[in-house]
Structure formats: C-alpha cells, structure tokens
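Structure first, then comments.
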Amino acid sequence: MSYGMTIERGYRFMIKIFRTIDNGMHQVSEIQEGCWVALTNPTSAEILEISNEYKVDINHLRAPLDEEERSRIEVEEDYTLVLVDIPVIEERNNKDWYVTIPLGIIITDELIFTVCLEDTPVLSAFMDGRVRNFYTYKKTRFILQILYKNATMFLNYLRVIDKKSEVIERKLHASTKNQELIELLELEKSLVYFTTSLRSNEVVLEKLLKIERIKQYPEDTELLEDVIIENKQAIEMANIYSGILSGTMDAFASVISNNLNIVMKFLATVTIVMSIPTMIASFYGMNVNAAGVPGASNPYGFLYVIIFSLIVSLAVAFFMAKKKLF
C-alpha cells in the first residue's frame with residue numbers, strides 16, 4: 001500500500017498527520033506507516049480521497065459527521081471502526097452549554113484515523129503531546145487512551161455543570177423571574193445528553209472486551225477495565241446530578257411562584273391602604289352643595305380632611321401589618 005499522500009493547500013488544514021518520533025509527538029506533512037491521521041470536519045473530496053487511497057468504506061468516514069449517529073463498533077476485514085460520543089461546549093446566547101457529538105476512530109494494520117465534526121480537547125491533548133506513554137504506532141492502545149481521556153472529560157464537564165447549577169440556585173432564592181429556571185433546564189438537557197451518550201459508550205466498551213484484535217498488549221486489558229470504571233462513574237455522577245437538578249427545578253418553581261404571590265399580596269395591601277384617602281377625596285370632590293359638605297365653611301376644613309384620611313390610612317395599615325399582610 002502507498003503512503004505517499006501529503007497535505008496540499010487545498011485541504012485547508014482539515015487533515016493533520018501526527019507521528020511519534022524519538023518518543024515525541026510531531027506533526028508531519030506526509031502519511032507514513034504508524035501515523036495518526038486526524039480529520040476535522042473534512043470535505044466530501046477529502047473523505048473520498050482517503051476512502052479510495054486507504055480502502056476505508058466512505059460511509060464509515062462520513063458516519064462521525066452525523067450528530068445523530070449512534071455509538072457502535074464495526075469490525076471489517078481490513079480495519080475496525082469505533083464510534084463513540086464525546087462532550088463538547090456549545091455557545092448559545094453568549095453562554096456555554098454542553099452537548100455531545102460523535103467521534104470516529106478507524107484502525108487499519110498500518111494507520112489510525114480519527115474523524116470528528118470539530119476540534120475537541122479529547123484529541124488536542126494527544127496532539128499537544130500532553131498524554132504520557134502515547135505512541136502513534138501503538139494503535140490499539142491509542143483507542144483505549146482516547147476512550148479513557150473521553151471518560152475523564154465527561155467527568156470534568158459534569159463537575160462544571162454541578163458548580164454552575166449551584167451558582168444558579170443561589171440566584172433563585174431571591175428571584176421571581178424565569179431566567180434562572182431556563183438556565184437550569186439547559187443544564188438538565190446537557191445531563192440528559194451526557195447520560196444517553198455515556199450509556200451508548202458503555203455498550204461499546206463492553207463489546208471491546210470481547211474483541212481480541214483490540215487487546216494487543218498485556219496492559220491493554222487493564223487499561224480497558226479502567227476506562228469502563230471511569231465511564232460507569234461518569235454515568236453514576238450524571239444520574240445523581242440529573243436527579244438533584246430535577247428536584248431543584250421543581251422546588252424553585254414553587255419558590256418563584258411563592259415569591260410572586262408575596263409581591264402580589266404586598267401590592268394589593270398597599271393598594272387598599274392608598275385607596276382610603278382617594279375615596280375620601282372623591283367624596284369631597286362631588287359636585288354638590290357646599291353647605292352640605294362637613295367642614296366646607298371651616299377655614300381649616302382641608303387640613304382636617306387630610307388628617308382624618310391619614311389617621312384612617314394608618315389604622316388600616318396597622319391592621320394589615322398585624323395580619324402579616326405586608
């Protein structure tokens with residue numbers, strides 16, 4: 001098989017090639033045996049050329065570009081496809097929310113390909129050489145290391161979601177608006193995405209235990225078991241946080257409704273107190289004979305009416321306060 005494919009200007013750097021040289025990660029311009037080829041949102045032309053050059057089913061290369069694609073393993077004669085969900089940050093309304101997208105890992109006898117819709121911290125850690133004991137020529141171990149990194153990334157994002165929910169909860173104590181509840185709803189949606197993706201990934205991991213082609217090194221089985229443990233822990237955390245968040249939303253929906261009732265009760269009480277001087281002024285403002293109006297002929301009549309209105313209003317306000325209506 002030929003390995004003469006190089007990155008041309010037409011690729012717009014959507015394809016990156018990495019190779020371990022002298023125990024260090026290096027980006028190279030030509031695909032050689034033992035390389036890792038990272039495809040990020042590749043074009044149809046790029047996918048077609050990779051498919052023709054390296055005999056990979058074009059549908060398997062396109063599968064990770066579909067956001068609704070399910071996690072699975074496809075074992076072919078010349079290669080193995082591992083498709084899992086990874087967490088990513090999505091910006092909406094100038095705020096960061098969390099969703100999942102597919103990541104495809106294709107292993108041939110000589111190369112490893114990764115296909116994803118966008119750059120992800122799961123892969124960038126390998127590209128930057130921040131993962132210990134990572135070698136591009138140890139392809140099956142690379143799969144397990146990606147899966148382990150993916151599980152830890154889920155755990156990190158779950159902790160961030162938990163901290164965000166605590167911040168929103170503190171705001172909700174004095175809130176009568178729906179904005180905080182909407183933010184909690186977005187976090188709950190993220191947890192639903194995470195739980196669904198983690199369960200799908202769990203099925204893939206369980207299946208990996210049964211594929212001998214994946215376990216080429218003695219320590220691979222132990223690493224795979226670690227990945228499964230991390231994934232199970234992420235599932236448990238997602239379920240716990242989701243339950244807490246759901247209960248919190250129900251509780252604070254009642255709190256917001258109660259806060260609104262308190263405000264409405266206060267406004268109604270103020271309206272009653274303020275209506276008394278208005279009512280008295282209305283009686284004195286009627287178009288009737290002045291001789292029949294109490295205090296009309298008294299030079300201090302206006303002052304008496306004001307004082308009387310104030311006394312009655314204060315009496316009603318005191319009565320309302322005793323009834324805890326303020």
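Chain lettering (A, B, ...) mirrors the order of the structure tokens, residue numbering begins at 1 for each chain separately, and ligand numbering begins at 1 in order of display.
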Picked from range 34-269 of chain A by DSSP as helix (DSSP H, G or I), as a PyMOL selection string: chain A and resi 44-54+58-65+121-127+139-172+179-208+220-269
Residues of range 111-180 of chain A at most 7 Å from range 51-66 of chain A: nearest atom pair and distance in Å, only C-alpha atoms, as CSV:
```
residue,atom,partner,partner_atom,distance
A:Val115,CA,A:Pro64,CA,6.2
A:Cys116,CA,A:Pro64,CA,5.8
A:Leu117,CA,A:Leu65,CA,5.4
```
Output N, CA, C and O atoms for every residue in the selection just made, as a short mmCIF file (atom, residue, chain, number, x, y, z; two decimals), in the first residue's frame.
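Just written: again.cif:
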```cif
data_model
loop_
_atom_site.label_atom_id
_atom_site.label_comp_id
_atom_site.auth_asym_id
_atom_site.auth_seq_id
_atom_site.Cartn_x
_atom_site.Cartn_y
_atom_site.Cartn_z
N VAL A 115 -12.02 10.86 13.03
CA VAL A 115 -12.90 11.76 12.28
C VAL A 115 -13.85 12.41 13.26
O VAL A 115 -14.52 11.72 14.05
N CYS A 116 -13.93 13.75 13.21
CA CYS A 116 -14.81 14.47 14.12
C CYS A 116 -15.28 15.75 13.46
O CYS A 116 -14.62 16.29 12.55
N LEU A 117 -16.44 16.25 13.90
CA LEU A 117 -17.01 17.46 13.33
C LEU A 117 -16.22 18.72 13.71
O LEU A 117 -16.21 19.70 12.97
#
```
Close residues, Phe319 in chain A itself excluded, 12 Å, only C-alpha atoms, min 6 positions apart in chain, as a list in words: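 With the cut-off at 12 Å, the set is Thr269, Ile272, Val273, Val312, Ser313, Leu325 and Phe326 of chain A.
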Kindly export the residues of the current selection with N, CA, C and O atoms, as a PDB file, in the first residue's frame.
```pdb
ATOM      1  N   THR A 269     -52.155  44.979  49.283  1.00  0.00           N
ATOM      2  CA  THR A 269     -52.303  45.652  50.579  1.00  0.00           C
ATOM      3  C   THR A 269     -52.039  47.145  50.455  1.00  0.00           C
ATOM      4  O   THR A 269     -52.775  47.980  51.001  1.00  0.00           O
ATOM      5  N   ILE A 272     -54.979  48.863  48.866  1.00  0.00           N
ATOM      6  CA  ILE A 272     -56.105  49.071  49.787  1.00  0.00           C
ATOM      7  C   ILE A 272     -55.851  50.289  50.679  1.00  0.00           C
ATOM      8  O   ILE A 272     -56.729  51.134  50.888  1.00  0.00           O
ATOM      9  N   VAL A 273     -54.625  50.367  51.226  1.00  0.00           N
ATOM     10  CA  VAL A 273     -54.293  51.494  52.117  1.00  0.00           C
ATOM     11  C   VAL A 273     -54.368  52.812  51.355  1.00  0.00           C
ATOM     12  O   VAL A 273     -54.919  53.812  51.852  1.00  0.00           O
ATOM     13  N   VAL A 312     -57.027  57.355  59.253  1.00  0.00           N
ATOM     14  CA  VAL A 312     -57.713  56.133  58.809  1.00  0.00           C
ATOM     15  C   VAL A 312     -56.753  55.221  58.049  1.00  0.00           C
ATOM     16  O   VAL A 312     -56.739  53.998  58.231  1.00  0.00           O
ATOM     17  N   SER A 313     -55.926  55.803  57.189  1.00  0.00           N
ATOM     18  CA  SER A 313     -54.973  55.007  56.404  1.00  0.00           C
ATOM     19  C   SER A 313     -53.964  54.314  57.313  1.00  0.00           C
ATOM     20  O   SER A 313     -53.649  53.126  57.126  1.00  0.00           O
ATOM     21  N   LEU A 325     -49.928  41.016  56.444  1.00  0.00           N
ATOM     22  CA  LEU A 325     -50.233  41.148  55.027  1.00  0.00           C
ATOM     23  C   LEU A 325     -49.226  42.040  54.316  1.00  0.00           C
ATOM     24  O   LEU A 325     -49.284  42.174  53.099  1.00  0.00           O
ATOM     25  N   PHE A 326     -48.311  42.651  55.092  1.00  0.00           N
ATOM     26  CA  PHE A 326     -47.239  43.440  54.478  1.00  0.00           C
ATOM     27  C   PHE A 326     -46.012  42.558  54.311  1.00  0.00           C
ATOM     28  O   PHE A 326     -45.731  41.707  55.128  1.00  0.00           O
TER      29      PHE A 326
END
```
Between CA of Leu123 in chain A and CA of Lys149 in chain A - distance in Å to one decimal: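 Value for the CA of Lys149 in chain A-CA of Leu123 in chain A distance: 8.5 Å.
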Non-local contacts of Glu202 in chain A (9 Å; only C-alpha atoms; under 3 positions in same chain excluded) as a PyMOL selection string: chain A and resi 197-199+205-207+228+231-232
Write a file of the just-selected residues containing N, CA, C and O atoms, as a tab-separated table (two decimals), in the first residue's frame.
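As written to disk, result-v4.tsv reads:
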```tsv
chain	number	residue	atom	x	y	z
A	197	SER	N	-25.33	9.45	26.02
A	197	SER	CA	-24.07	9.16	25.33
A	197	SER	C	-23.20	8.20	26.14
A	197	SER	O	-22.58	7.29	25.58
A	198	LEU	N	-23.16	8.40	27.44
A	198	LEU	CA	-22.34	7.53	28.29
A	198	LEU	C	-22.85	6.10	28.27
A	198	LEU	O	-22.06	5.15	28.28
A	199	ARG	N	-24.16	5.93	28.24
A	199	ARG	CA	-24.72	4.57	28.18
A	199	ARG	C	-24.40	3.91	26.84
A	199	ARG	O	-24.13	2.71	26.78
A	205	LEU	N	-17.77	-0.13	25.03
A	205	LEU	CA	-16.66	-0.60	25.87
A	205	LEU	C	-16.83	-2.07	26.23
A	205	LEU	O	-15.85	-2.83	26.25
A	206	GLU	N	-18.06	-2.46	26.54
A	206	GLU	CA	-18.30	-3.87	26.86
A	206	GLU	C	-17.99	-4.76	25.66
A	206	GLU	O	-17.45	-5.86	25.81
A	207	LYS	N	-18.29	-4.27	24.48
A	207	LYS	CA	-18.01	-5.05	23.27
A	207	LYS	C	-16.52	-5.12	22.99
A	207	LYS	O	-16.01	-6.11	22.46
A	228	ILE	N	-13.69	1.47	31.51
A	228	ILE	CA	-15.06	1.07	31.85
A	228	ILE	C	-15.45	1.60	33.23
A	228	ILE	O	-16.57	2.09	33.43
A	231	ASN	N	-16.07	5.31	32.95
A	231	ASN	CA	-17.34	5.55	32.25
A	231	ASN	C	-18.53	5.29	33.17
A	231	ASN	O	-19.50	6.05	33.17
A	232	LYS	N	-18.45	4.21	33.95
A	232	LYS	CA	-19.54	3.91	34.90
A	232	LYS	C	-19.65	5.00	35.96
A	232	LYS	O	-20.76	5.37	36.36
```
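When CA of Ile105 in chain A is paired with CA of Ile21 in chain A, their separation reads 21.6 Å.
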For range 93-120 of chain A versus range 139-143 of chain A, which residues have an atom no more than 9 Å away, and what is each residue's nearest atom pair and distance in Å rounded to one decimal, using only C-alpha atoms, chain-then-number order, as CSV?
```
residue,atom,partner,partner_atom,distance
A:Ile105,CA,A:Ile143,CA,7.2
A:Ile107,CA,A:Lys139,CA,6.9
A:Thr108,CA,A:Lys139,CA,8.6
A:Asp109,CA,A:Lys139,CA,8.7
A:Glu110,CA,A:Lys139,CA,8.5
A:Leu111,CA,A:Lys139,CA,7.4
A:Ile112,CA,A:Lys139,CA,6.3
```
Could you write those residues out with all heavy atoms, as a compact mmCIF listing (two decimals), in the first residue's frame?
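Dumped to selection_11.txt:
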```
# COMPACT_ATOMS: atom_id res chain seq x y z
N ILE A 105 -13.10 6.49 15.27
CA ILE A 105 -11.71 6.03 15.31
C ILE A 105 -11.61 4.80 14.40
O ILE A 105 -12.31 3.81 14.63
CB ILE A 105 -11.26 5.67 16.73
CG1 ILE A 105 -11.59 6.80 17.70
CG2 ILE A 105 -9.78 5.33 16.77
CD1 ILE A 105 -11.41 6.42 19.17
N ILE A 107 -9.06 2.02 12.73
CA ILE A 107 -7.73 1.42 12.84
C ILE A 107 -7.52 0.44 11.68
O ILE A 107 -8.33 -0.47 11.47
CB ILE A 107 -7.58 0.66 14.17
CG1 ILE A 107 -7.55 1.64 15.32
CG2 ILE A 107 -6.28 -0.12 14.19
CD1 ILE A 107 -7.31 1.00 16.64
N THR A 108 -6.47 0.66 10.92
CA THR A 108 -6.04 -0.30 9.91
C THR A 108 -4.78 -0.99 10.42
O THR A 108 -4.32 -0.72 11.54
CB THR A 108 -5.76 0.41 8.57
OG1 THR A 108 -4.60 1.25 8.72
CG2 THR A 108 -6.95 1.27 8.15
N ASP A 109 -4.20 -1.85 9.62
CA ASP A 109 -2.97 -2.53 10.06
C ASP A 109 -1.80 -1.58 10.18
O ASP A 109 -0.86 -1.85 10.93
CB ASP A 109 -2.62 -3.66 9.06
CG ASP A 109 -3.63 -4.79 9.10
OD1 ASP A 109 -4.27 -4.95 10.16
OD2 ASP A 109 -3.78 -5.49 8.09
N GLU A 110 -1.83 -0.48 9.43
CA GLU A 110 -0.68 0.44 9.41
C GLU A 110 -0.98 1.82 9.97
O GLU A 110 -0.08 2.53 10.39
CB GLU A 110 -0.15 0.61 7.97
CG GLU A 110 0.38 -0.65 7.32
CD GLU A 110 -0.73 -1.48 6.68
OE1 GLU A 110 -1.86 -0.96 6.59
OE2 GLU A 110 -0.48 -2.64 6.32
N LEU A 111 -2.25 2.25 9.97
CA LEU A 111 -2.59 3.63 10.32
C LEU A 111 -3.76 3.68 11.28
O LEU A 111 -4.48 2.69 11.47
CB LEU A 111 -2.94 4.43 9.06
CG LEU A 111 -1.87 4.59 7.98
CD1 LEU A 111 -2.49 5.18 6.72
CD2 LEU A 111 -0.74 5.48 8.47
N ILE A 112 -3.93 4.86 11.86
CA ILE A 112 -5.12 5.13 12.66
C ILE A 112 -5.70 6.46 12.21
O ILE A 112 -4.97 7.44 12.01
CB ILE A 112 -4.81 5.15 14.17
CG1 ILE A 112 -6.10 5.35 14.97
CG2 ILE A 112 -3.79 6.21 14.52
CD1 ILE A 112 -5.94 5.07 16.45
```
DSSP strand (DSSP E) residues within range 111-211 of chain A, as a list of chain:residue names: A:Ile112, A:Phe113, A:Thr114, A:Val115, A:Cys116
Nearest to Ile244 in chain A, chosen from A:Val305, A:Ile161, A:Cys35, A:Asn261, with only C-alpha atoms counted in the distances: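 For Ile244 in chain A, the nearest of the given residues is A:Ile161.
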